[in-house]
$ cat run.txt   # compact mmCIF, C-alpha atoms
# COMPACT_ATOMS: atom_id res chain seq x y z
CA MET A 497 77.06 116.30 95.07
CA ALA A 498 78.35 115.40 98.55
CA ALA A 499 79.00 119.00 99.52
CA ALA A 500 75.56 120.10 98.45
CA ALA A 501 73.95 117.11 100.14
CA ALA A 502 75.69 118.02 103.38
CA GLY A 503 74.47 121.59 103.07
CA LEU A 504 78.05 122.87 103.13
CA ASN A 505 79.82 125.07 100.61
CA SER A 506 82.91 122.86 100.42
CA TRP A 507 84.44 120.25 98.13
CA ARG A 508 86.16 118.63 101.11
CA VAL A 509 83.30 117.27 103.24
CA GLY A 510 82.92 113.87 101.54
CA PRO A 511 82.35 111.04 101.77
CA ASP A 512 78.93 110.73 103.42
CA GLU A 513 78.21 108.20 106.17
CA ARG A 514 77.80 105.41 103.58
CA GLY A 515 81.11 106.22 101.92
CA PHE A 516 79.73 108.01 98.86
CA PHE A 517 81.11 111.07 97.08
CA GLY A 518 77.92 112.06 95.29
CA GLN A 519 77.01 108.94 93.27
CA PHE A 520 80.54 107.46 93.52
CA GLY A 521 82.19 105.28 96.15
CA GLY A 522 80.32 103.09 98.63
CA ARG A 523 81.28 99.58 99.73
CA PHE A 524 80.27 96.79 97.37
CA VAL A 525 81.91 93.79 99.07
CA ALA A 526 81.22 90.15 99.90
CA GLU A 527 79.12 89.56 103.00
CA THR A 528 82.17 87.90 104.61
CA LEU A 529 84.12 91.15 104.45
CA MET A 530 81.46 93.56 105.71
CA PRO A 531 82.18 93.06 109.47
CA LEU A 532 85.88 93.65 108.82
CA ILE A 533 85.18 96.76 106.77
CA LEU A 534 83.05 98.14 109.60
CA ASP A 535 85.78 97.29 112.15
CA LEU A 536 88.34 99.07 109.98
CA GLU A 537 86.14 102.15 109.69
CA ALA A 538 85.69 102.27 113.47
CA ALA A 539 89.41 101.77 114.11
CA TYR A 540 90.34 104.52 111.68
CA GLU A 541 87.83 106.99 113.12
CA SER A 542 89.16 106.26 116.61
CA SER A 543 92.79 106.62 115.55
CA ARG A 544 92.39 109.86 113.61
CA ASN A 545 90.99 111.47 116.76
CA ASP A 546 93.64 109.98 119.08
CA PRO A 547 96.55 112.33 119.91
CA VAL A 548 98.77 109.33 120.76
CA PHE A 549 98.26 107.79 117.30
CA GLN A 550 98.75 111.14 115.59
CA ALA A 551 101.95 111.88 117.55
CA GLU A 552 103.49 108.48 116.72
CA HIS A 553 102.55 108.89 113.04
CA ALA A 554 103.99 112.41 112.86
CA ALA A 555 107.24 111.36 114.55
CA LEU A 556 107.78 108.47 112.14
CA ARG A 557 107.00 110.68 109.14
CA ALA A 558 109.75 113.05 110.27
CA THR A 559 112.41 110.58 111.41
CA TYR A 560 111.75 107.52 109.17
CA VAL A 561 110.19 108.91 105.97
CA GLY A 562 112.11 112.19 105.97
CA ARG A 563 109.22 114.65 105.81
CA PRO A 564 108.60 117.37 104.96
CA SER A 565 109.68 116.67 101.39
CA PRO A 566 111.20 119.73 99.65
CA LEU A 567 109.41 122.04 97.23
CA THR A 568 112.01 122.78 94.54
CA PHE A 569 111.94 125.61 91.99
CA ALA A 570 112.81 124.28 88.51
CA PRO A 571 114.73 127.20 86.89
CA ARG A 572 115.89 125.51 83.68
CA LEU A 573 112.55 123.86 82.93
CA THR A 574 110.85 127.20 83.57
CA GLU A 575 113.27 129.01 81.23
CA HIS A 576 112.98 126.29 78.57
CA LEU A 577 109.17 126.43 78.48
CA GLY A 578 109.07 130.23 78.66
CA GLY A 579 105.97 130.79 80.76
CA ALA A 580 104.83 130.12 84.30
CA LYS A 581 107.27 129.46 87.16
CA ILE A 582 107.41 125.71 87.83
CA TYR A 583 107.86 124.16 91.27
CA LEU A 584 108.39 120.43 91.93
CA LYS A 585 107.00 118.74 95.06
CA ARG A 586 109.72 116.17 95.74
CA GLU A 587 107.85 113.06 96.94
CA GLU A 588 110.48 110.95 95.18
CA LEU A 589 112.93 111.98 97.91
CA ASN A 590 110.91 110.13 100.58
CA HIS A 591 112.32 106.90 102.01
CA THR A 592 111.51 104.13 99.43
CA GLY A 593 111.44 106.69 96.62
CA SER A 594 107.79 107.64 96.24
CA HIS A 595 104.72 109.08 97.95
CA LYS A 596 103.45 105.57 98.74
CA ILE A 597 105.22 105.41 102.12
CA ASN A 598 102.90 108.17 103.49
CA ASN A 599 99.89 105.89 103.31
CA CYS A 600 101.69 102.65 104.20
CA LEU A 601 103.03 104.10 107.41
CA GLY A 602 99.57 105.21 108.53
CA GLN A 603 97.92 101.92 107.65
CA ILE A 604 100.58 99.71 109.32
CA LEU A 605 100.05 101.62 112.57
CA LEU A 606 96.33 101.02 112.17
CA ALA A 607 96.84 97.29 111.49
CA LEU A 608 98.93 96.96 114.65
CA ARG A 609 96.19 98.67 116.65
CA MET A 610 93.65 96.20 115.25
CA GLY A 611 95.83 93.25 116.29
CA LYS A 612 96.43 91.98 112.75
CA THR A 613 99.38 89.63 112.30
CA ARG A 614 99.60 89.31 108.51
CA ILE A 615 99.75 92.01 105.81
CA ILE A 616 98.75 91.63 102.17
CA ALA A 617 98.90 94.19 99.37
CA GLU A 618 98.82 94.52 95.60
CA THR A 619 101.13 96.56 93.45
CA GLY A 620 101.49 97.69 89.84
CA ALA A 621 104.71 99.69 89.42
CA GLY A 622 106.06 98.15 92.59
CA GLN A 623 106.32 101.45 94.48
CA HIS A 624 103.42 100.55 96.79
CA GLY A 625 104.80 97.03 97.15
CA VAL A 626 108.21 98.34 98.19
CA ALA A 627 106.65 100.78 100.67
CA THR A 628 104.45 98.03 102.15
CA ALA A 629 107.38 95.60 102.43
CA THR A 630 109.39 98.37 104.10
CA VAL A 631 106.88 99.11 106.86
CA CYS A 632 106.32 95.38 107.41
CA ALA A 633 110.07 94.93 107.89
CA ARG A 634 110.17 97.95 110.22
CA PHE A 635 107.41 96.50 112.44
CA GLY A 636 108.19 92.78 112.04
CA LEU A 637 105.05 91.59 110.24
CA PRO A 638 104.90 88.98 107.44
CA CYS A 639 104.12 90.54 104.06
CA ILE A 640 102.63 89.08 100.88
CA ILE A 641 102.55 91.21 97.73
CA TYR A 642 100.34 90.27 94.76
CA MET A 643 101.78 91.53 91.47
CA GLY A 644 100.80 90.87 87.88
CA ALA A 645 103.25 88.75 85.89
CA THR A 646 103.48 91.46 83.23
CA ASP A 647 104.37 94.06 85.85
CA ILE A 648 106.93 91.74 87.48
CA GLU A 649 108.73 91.56 84.16
CA ARG A 650 108.80 95.33 83.55
CA GLN A 651 109.52 96.37 87.16
CA LYS A 652 112.29 93.90 88.09
CA PRO A 653 114.29 96.32 90.28
CA ASN A 654 111.29 96.88 92.56
CA VAL A 655 110.52 93.13 92.71
CA PHE A 656 114.08 92.51 93.89
CA ARG A 657 113.78 95.29 96.47
CA MET A 658 110.57 93.76 97.89
CA ARG A 659 112.26 90.37 98.24
CA LEU A 660 115.32 91.92 99.90
CA LEU A 661 112.95 93.51 102.41
CA GLY A 662 111.57 90.09 103.28
CA ALA A 663 108.27 90.16 101.38
CA GLU A 664 106.85 87.24 99.40
CA VAL A 665 105.93 88.41 95.89
CA ARG A 666 103.16 86.25 94.41
CA PRO A 667 102.88 86.48 90.60
CA VAL A 668 99.37 86.84 89.16
CA THR A 669 98.97 85.35 85.69
CA SER A 670 95.22 85.83 85.17
CA GLY A 671 93.94 88.48 82.77
CA ALA A 672 96.68 90.72 81.43
CA GLY A 673 98.83 90.17 84.51
CA THR A 674 98.59 93.81 85.63
CA LEU A 675 97.32 95.82 88.60
CA LYS A 676 93.62 94.98 88.17
CA ASP A 677 94.38 91.25 88.28
CA ALA A 678 96.68 91.65 91.30
CA MET A 679 93.91 93.48 93.17
CA ASN A 680 91.46 90.66 92.36
CA GLU A 681 93.85 88.09 93.90
CA ALA A 682 94.47 90.22 96.98
CA LEU A 683 90.73 90.49 97.58
CA ARG A 684 90.38 86.68 97.29
CA ASP A 685 93.15 86.23 99.87
CA TRP A 686 91.47 88.72 102.22
CA VAL A 687 88.10 86.93 102.04
CA ALA A 688 89.83 83.64 102.97
CA ASN A 689 91.89 85.08 105.86
CA VAL A 690 89.78 87.84 107.40
CA ASP A 691 90.63 87.11 111.04
CA SER A 692 94.41 87.52 110.83
CA THR A 693 94.95 89.63 107.73
CA TYR A 694 95.07 93.35 107.05
CA TYR A 695 94.71 94.38 103.38
CA LEU A 696 96.92 97.44 102.89
CA ILE A 697 95.41 99.09 99.81
CA GLY A 698 97.76 101.51 98.08
CA THR A 699 95.45 103.93 96.37
CA VAL A 700 92.23 105.89 96.87
CA ALA A 701 90.06 103.07 95.50
CA GLY A 702 88.36 100.04 97.04
CA PRO A 703 85.44 99.94 99.47
CA HIS A 704 84.81 102.67 102.04
CA PRO A 705 86.73 103.68 104.19
CA TYR A 706 89.83 103.08 102.01
CA PRO A 707 89.34 106.02 99.56
CA ALA A 708 88.91 108.55 102.37
CA MET A 709 91.53 106.97 104.64
CA VAL A 710 94.26 106.82 101.99
CA ARG A 711 93.38 110.39 100.93
CA ASP A 712 93.78 111.58 104.51
CA PHE A 713 97.19 109.91 104.85
CA GLN A 714 98.32 111.41 101.53
CA SER A 715 96.97 114.91 102.16
CA VAL A 716 100.22 115.73 103.93
CA ILE A 717 101.53 116.42 100.39
CA GLY A 718 99.15 119.29 99.70
CA GLU A 719 99.29 120.60 103.25
CA GLU A 720 103.08 120.93 102.99
CA VAL A 721 102.84 122.53 99.53
CA ARG A 722 100.46 125.13 100.90
CA THR A 723 102.92 126.15 103.61
CA GLN A 724 106.00 125.93 101.36
CA ILE A 725 104.63 127.95 98.44
CA LEU A 726 103.39 130.68 100.79
CA GLU A 727 106.92 130.86 102.24
CA ALA A 728 108.53 130.90 98.76
CA GLU A 729 106.12 133.15 96.84
CA GLY A 730 103.79 134.68 99.40
CA ARG A 731 100.70 133.33 97.65
CA LEU A 732 99.00 130.16 96.46
CA PRO A 733 99.88 128.58 93.07
CA ASP A 734 97.78 129.25 89.98
CA ALA A 735 97.76 125.57 88.99
CA LEU A 736 98.41 122.11 90.42
CA VAL A 737 99.26 119.10 88.23
CA ALA A 738 99.61 115.41 89.13
CA CYS A 739 99.34 112.05 87.38
CA VAL A 740 96.30 109.84 88.06
CA GLY A 741 96.14 106.05 88.04
CA GLY A 742 94.12 105.08 91.09
CA GLY A 743 94.85 108.65 92.10
CA SER A 744 96.52 108.67 95.55
CA ASN A 745 99.35 111.13 94.85
CA ALA A 746 96.94 113.41 92.99
CA ILE A 747 94.26 113.55 95.67
CA GLY A 748 96.98 114.04 98.29
CA LEU A 749 98.12 117.19 96.47
CA PHE A 750 94.67 118.37 95.38
CA HIS A 751 92.52 117.93 98.48
CA PRO A 752 93.88 120.79 100.65
CA PHE A 753 93.30 123.17 97.68
CA LEU A 754 89.83 122.07 96.52
CA ASP A 755 88.12 125.03 98.19
CA ASP A 756 90.48 127.59 96.63
CA PRO A 757 88.57 128.59 93.47
CA ASP A 758 91.50 130.49 91.92
CA VAL A 759 93.70 127.37 91.90
CA GLU A 760 93.27 125.38 88.68
CA ILE A 761 93.64 121.64 89.31
CA VAL A 762 94.61 119.19 86.56
CA GLY A 763 94.83 115.39 86.80
CA VAL A 764 96.74 113.53 84.07
CA GLU A 765 95.59 110.12 82.87
CA ALA A 766 97.46 107.54 80.82
CA GLY A 767 96.63 108.19 77.16
CA GLY A 768 98.71 105.19 76.05
CA HIS A 769 98.76 104.86 72.27
CA GLY A 770 95.91 107.39 71.93
CA LEU A 771 92.22 107.49 72.74
CA GLU A 772 90.97 106.28 69.32
CA GLY A 773 91.26 102.59 70.29
CA ASP A 774 91.40 100.67 73.57
CA GLU A 775 95.15 100.97 74.23
CA HIS A 776 94.99 103.56 77.00
CA CYS A 777 93.90 103.85 80.64
CA ALA A 778 91.98 107.13 80.49
CA SER A 779 89.03 105.92 82.58
CA LEU A 780 87.69 109.42 83.32
CA THR A 781 88.06 110.74 79.77
CA LYS A 782 86.79 107.64 77.96
CA GLY A 783 85.11 105.47 80.63
CA ARG A 784 81.71 105.42 82.28
CA PRO A 785 80.42 104.65 85.80
CA GLY A 786 80.34 101.06 87.03
CA VAL A 787 81.35 98.92 90.02
CA LEU A 788 84.80 97.35 90.48
CA HIS A 789 86.90 96.39 93.51
CA GLY A 790 84.26 97.45 96.02
CA ASN A 791 83.34 100.93 94.79
CA ARG A 792 81.34 102.72 92.09
CA THR A 793 83.53 104.83 89.87
CA TYR A 794 84.48 105.59 86.26
CA LEU A 795 85.74 102.44 84.51
CA LEU A 796 86.94 101.34 81.10
CA GLN A 797 84.33 98.81 79.98
CA ASP A 798 82.75 97.43 76.84
CA SER A 799 79.10 97.71 75.85
CA ASP A 800 78.27 94.63 77.99
CA GLY A 801 79.92 96.13 81.08
CA GLN A 802 82.99 93.87 80.91
CA ILE A 803 86.12 95.59 82.21
CA LEU A 804 88.70 96.35 79.51
CA GLU A 805 92.40 95.69 80.10
CA GLY A 806 93.70 99.08 79.00
CA HIS A 807 97.33 99.98 78.38
CA SER A 808 99.99 102.36 79.67
CA ILE A 809 103.76 102.58 79.37
CA SER A 810 103.78 103.02 83.16
CA ALA A 811 102.72 100.11 85.36
CA GLY A 812 101.45 102.47 88.07
CA LEU A 813 98.84 104.01 85.75
CA ASP A 814 97.83 100.70 84.15
CA TYR A 815 94.47 100.45 85.95
CA PRO A 816 91.09 100.57 84.18
CA GLY A 817 89.43 102.53 87.01
CA VAL A 818 90.12 105.46 89.32
CA GLY A 819 89.40 106.45 92.91
CA PRO A 820 85.75 107.47 93.45
CA GLU A 821 86.56 110.96 94.74
CA HIS A 822 88.27 111.69 91.41
CA SER A 823 85.10 110.54 89.64
CA TYR A 824 83.11 112.97 91.78
CA LEU A 825 85.53 115.84 91.08
CA HIS A 826 85.43 115.01 87.36
CA ALA A 827 81.64 114.81 87.16
CA SER A 828 81.24 118.05 89.12
CA GLY A 829 83.84 119.88 87.04
CA ARG A 830 86.07 120.98 89.93
CA VAL A 831 89.12 119.13 88.54
CA ARG A 832 90.08 118.87 84.86
CA TYR A 833 91.38 115.47 83.73
CA VAL A 834 93.42 115.15 80.54
CA PRO A 835 95.24 112.29 78.74
CA ILE A 836 98.95 112.14 77.94
CA THR A 837 100.29 109.54 75.48
CA ASP A 838 103.22 107.16 75.93
CA GLY A 839 105.26 109.12 73.39
CA GLU A 840 104.71 112.44 75.17
CA THR A 841 105.69 110.71 78.42
CA VAL A 842 109.01 109.47 77.05
CA GLU A 843 109.87 112.98 75.84
CA ALA A 844 108.99 114.50 79.23
CA PHE A 845 111.07 111.87 81.06
CA GLN A 846 114.15 112.90 79.07
CA LEU A 847 113.38 116.62 79.32
CA LEU A 848 113.25 116.76 83.13
CA SER A 849 116.31 114.52 83.38
CA ARG A 850 118.44 116.75 81.16
CA LEU A 851 117.19 120.14 82.38
CA GLU A 852 116.90 119.59 86.13
CA GLY A 853 119.01 116.51 86.90
CA ILE A 854 115.97 114.59 88.13
CA LEU A 855 114.85 111.22 86.69
CA PRO A 856 111.07 111.11 87.20
CA ALA A 857 109.07 107.89 87.37
CA LEU A 858 107.21 107.20 84.13
CA GLU A 859 103.98 107.85 86.06
CA THR A 860 105.28 111.27 87.07
CA ALA A 861 106.52 112.00 83.54
CA HIS A 862 102.86 112.09 82.45
CA ALA A 863 102.36 115.10 84.73
CA ILE A 864 105.56 116.76 83.46
CA ALA A 865 104.31 116.35 79.88
CA GLN A 866 101.10 118.18 80.78
CA VAL A 867 103.15 120.99 82.34
CA THR A 868 105.02 121.42 79.03
CA LYS A 869 101.62 122.13 77.43
CA MET A 870 100.33 124.49 80.12
CA ALA A 871 103.33 126.58 81.16
CA PRO A 872 104.08 128.31 77.80
CA ALA A 873 100.50 129.61 77.66
CA MET A 874 100.77 131.19 81.12
CA SER A 875 102.50 134.42 82.12
CA PRO A 876 105.87 134.55 83.96
CA ASP A 877 104.22 135.80 87.14
CA GLN A 878 102.04 132.68 87.37
CA ILE A 879 102.99 129.52 89.28
CA ILE A 880 102.53 125.77 88.60
CA VAL A 881 103.23 123.09 91.21
CA VAL A 882 103.65 119.53 89.89
CA ASN A 883 103.87 116.51 92.16
CA LEU A 884 106.93 114.27 91.57
CA SER A 885 105.27 111.13 92.89
CA GLY A 886 108.22 108.77 92.33
CA ARG A 887 111.78 108.46 91.07
CA GLY A 888 112.68 106.99 87.70
CA ASP A 889 115.39 104.56 88.77
CA LYS A 890 112.86 101.72 88.51
CA ASP A 891 112.12 102.66 84.89
CA VAL A 892 115.64 102.86 83.47
CA PHE A 893 115.40 99.38 81.90
CA THR A 894 112.10 100.27 80.21
CA MET A 895 113.55 103.56 78.99
CA GLY A 896 116.73 101.79 77.87
CA ARG A 897 114.73 99.43 75.64
CA ILE A 898 112.69 102.32 74.21
CA LEU A 899 115.77 104.42 73.49
CA GLY A 900 117.81 101.54 72.06
CA PHE A 901 120.33 101.01 74.86
CA ASP A 902 121.35 97.47 75.89
CA LEU A 903 121.39 97.57 79.70
$ encode --input "run.txt" --output "structure tokens"
Amino acid sequence: MAAAAAGLNSWRVGPDERGFFGQFGGRFVAETLMPLILDLEAAYESSRNDPVFQAEHAALRATYVGRPSPLTFAPRLTEHLGGAKIYLKREELNHTGSHKINNCLGQILLALRMGKTRIIAETGAGQHGVATATVCARFGLPCIIYMGATDIERQKPNVFRMRLLGAEVRPVTSGAGTLKDAMNEALRDWVANVDSTYYLIGTVAGPHPYPAMVRDFQSVIGEEVRTQILEAEGRLPDALVACVGGGSNAIGLFHPFLDDPDVEIVGVEAGGHGLEGDEHCASLTKGRPGVLHGNRTYLLQDSDGQILEGHSISAGLDYPGVGPEHSYLHASGRVRYVPITDGETVEAFQLLSRLEGILPALETAHAIAQVTKMAPAMSPDQIIVVNLSGRGDKDVFTMGRILGFDL
């Protein structure tokens, strides 16, 4: 384990100097990209220790993103479930409607420092694509978004938003036309345009330093929760819950609490149509370690090591891997990862909408479904915080089809 290897009694010291969290992570990239990866690592280390960079980032988070995001008590959901008090961390109230803007803002400032003139990104649900297109518009940089053809079809509102913001959305038709395939195309673009291009990765995956860098930009979520719950309740929560695709919103909430042993931490994977077949994206629950997109992590793969396509009702969780720090936390037992099916997700989407007046993203609804299982078994003096990583406006057409409405 990274903490043990470093001789420190902490879950928060990783990665090591080679980018590994225990046996997970690293940088498995083409020789062409290695100089750029090393330049990026140096630029990030310089920026994170630069008060000027930190002050500009903090000011934009307050005045452009709208941070801090609220921590909202959910009285009717709490009463309905009849157990622990439930608080909602409202990342869906950020500018662009999700937690993705936290990371995009940090990385666009880094790209400008590195003198890059062209931004590329990949997206699944479109939330990262919208956030990337937004910061590119704000700073006047051209933006190309790779998106699977399947995801373009089921996330049309976000595709339109990206185009309104001035981004070029390039459909990817290889494979299943989902996030994995979009990431493959973005990596090919980056190899061909290394001098001018910055690849703005949206989750805690990819080669080092991306997993640690994105985690650091997203940790503002957990840092704010820590302050807000102490103000509201005078103590830390008993449990944290967040959905996990690549895992950026989850690690952002979890990381500031990893060294608090009394805080139970639960990550929620896409259980799809169930774990008996291959129609799910539960890479930690049903996968095994391998290498994909520049890092070693848990992956869905067949007996020959070929990556499986997987399935989820939510485009943002439709990825056959997971960030390497989640793999480390899973293998070490610090965080518990559980699957939630598509059907349970649809029920949770409707439940939060009707009880609290909040439409959650389908990704987020996975986490709400897990809360409905945990809260009734806990006592009324216990506290759960769940991260609302995105708003459900983008999913109303999907939900309309499922529920039989002609929109």
$ residues_around --input "run.txt" --residues "segment 530-541 of chain A" --least-positions-apart "5" --cutoff "8 Å" --atoms "only C-alpha atoms" --output "list in words"
Val525, Leu606, Arg609, Met610, Val690, Pro703, His704, Pro705 and Met709 of chain A
$ residues_around --input "run.txt" --residues "Ile597 of chain A" --least-positions-apart "6" --cutoff "8 Å" --atoms "only C-alpha atoms" --output "list in words"
Val561, Asn590, His591, His624, Ala627 and Thr628 of chain A
$ closest_residue --input "run.txt" --among "A:Gly743, A:Gly515, A:Gly748, A:Gly593" --to "Val764 of chain A" --atoms "only C-alpha atoms"
A:Gly743
$ residues_around --input "run.txt" --residues "Val655 of chain A" --least-positions-apart "6" --cutoff "9 Å" --atoms "all atoms listed in the file" --output "PyMOL selection string"
chain A and resi 622+625-626+643+648-649+665
$ write_last_selection --input "run.txt" --atoms "C-alpha atoms" --output "PDB file, in the frame of the given file"
ATOM      1  CA  GLY A 622     106.060  98.150  92.590  1.00  0.00           C
ATOM      2  CA  GLY A 625     104.800  97.030  97.150  1.00  0.00           C
ATOM      3  CA  VAL A 626     108.210  98.340  98.190  1.00  0.00           C
ATOM      4  CA  MET A 643     101.780  91.530  91.470  1.00  0.00           C
ATOM      5  CA  ILE A 648     106.930  91.740  87.480  1.00  0.00           C
ATOM      6  CA  GLU A 649     108.730  91.560  84.160  1.00  0.00           C
ATOM      7  CA  VAL A 665     105.930  88.410  95.890  1.00  0.00           C
TER       8      VAL A 665
END
$ closest_residue --input "run.txt" --among "A:Ala580, A:Ala861, A:Ala811, A:Ile879" --to "Glu729 of chain A" --atoms "all atoms listed in the file"
A:Ile879
$ closest_residue --input "run.txt" --among "A:Gly829, A:Glu587, A:Met870, A:Gly783" --to "Ser885 of chain A" --atoms "all atoms listed in the file"
A:Glu587
$ atom_distance --input "run.txt" --atom1 "atom CA of Val759 of chain A" --atom2 "atom CA of Pro856 of chain A"
24.3 Å
$ atom_distance --input "run.txt" --atom1 "atom CA of Leu858 of chain A" --atom2 "atom CA of Gly662 of chain A"
26.0 Å
$ atom_distance --input "run.txt" --atom1 "atom CA of Leu848 of chain A" --atom2 "atom CA of Ile864 of chain A"
7.7 Å
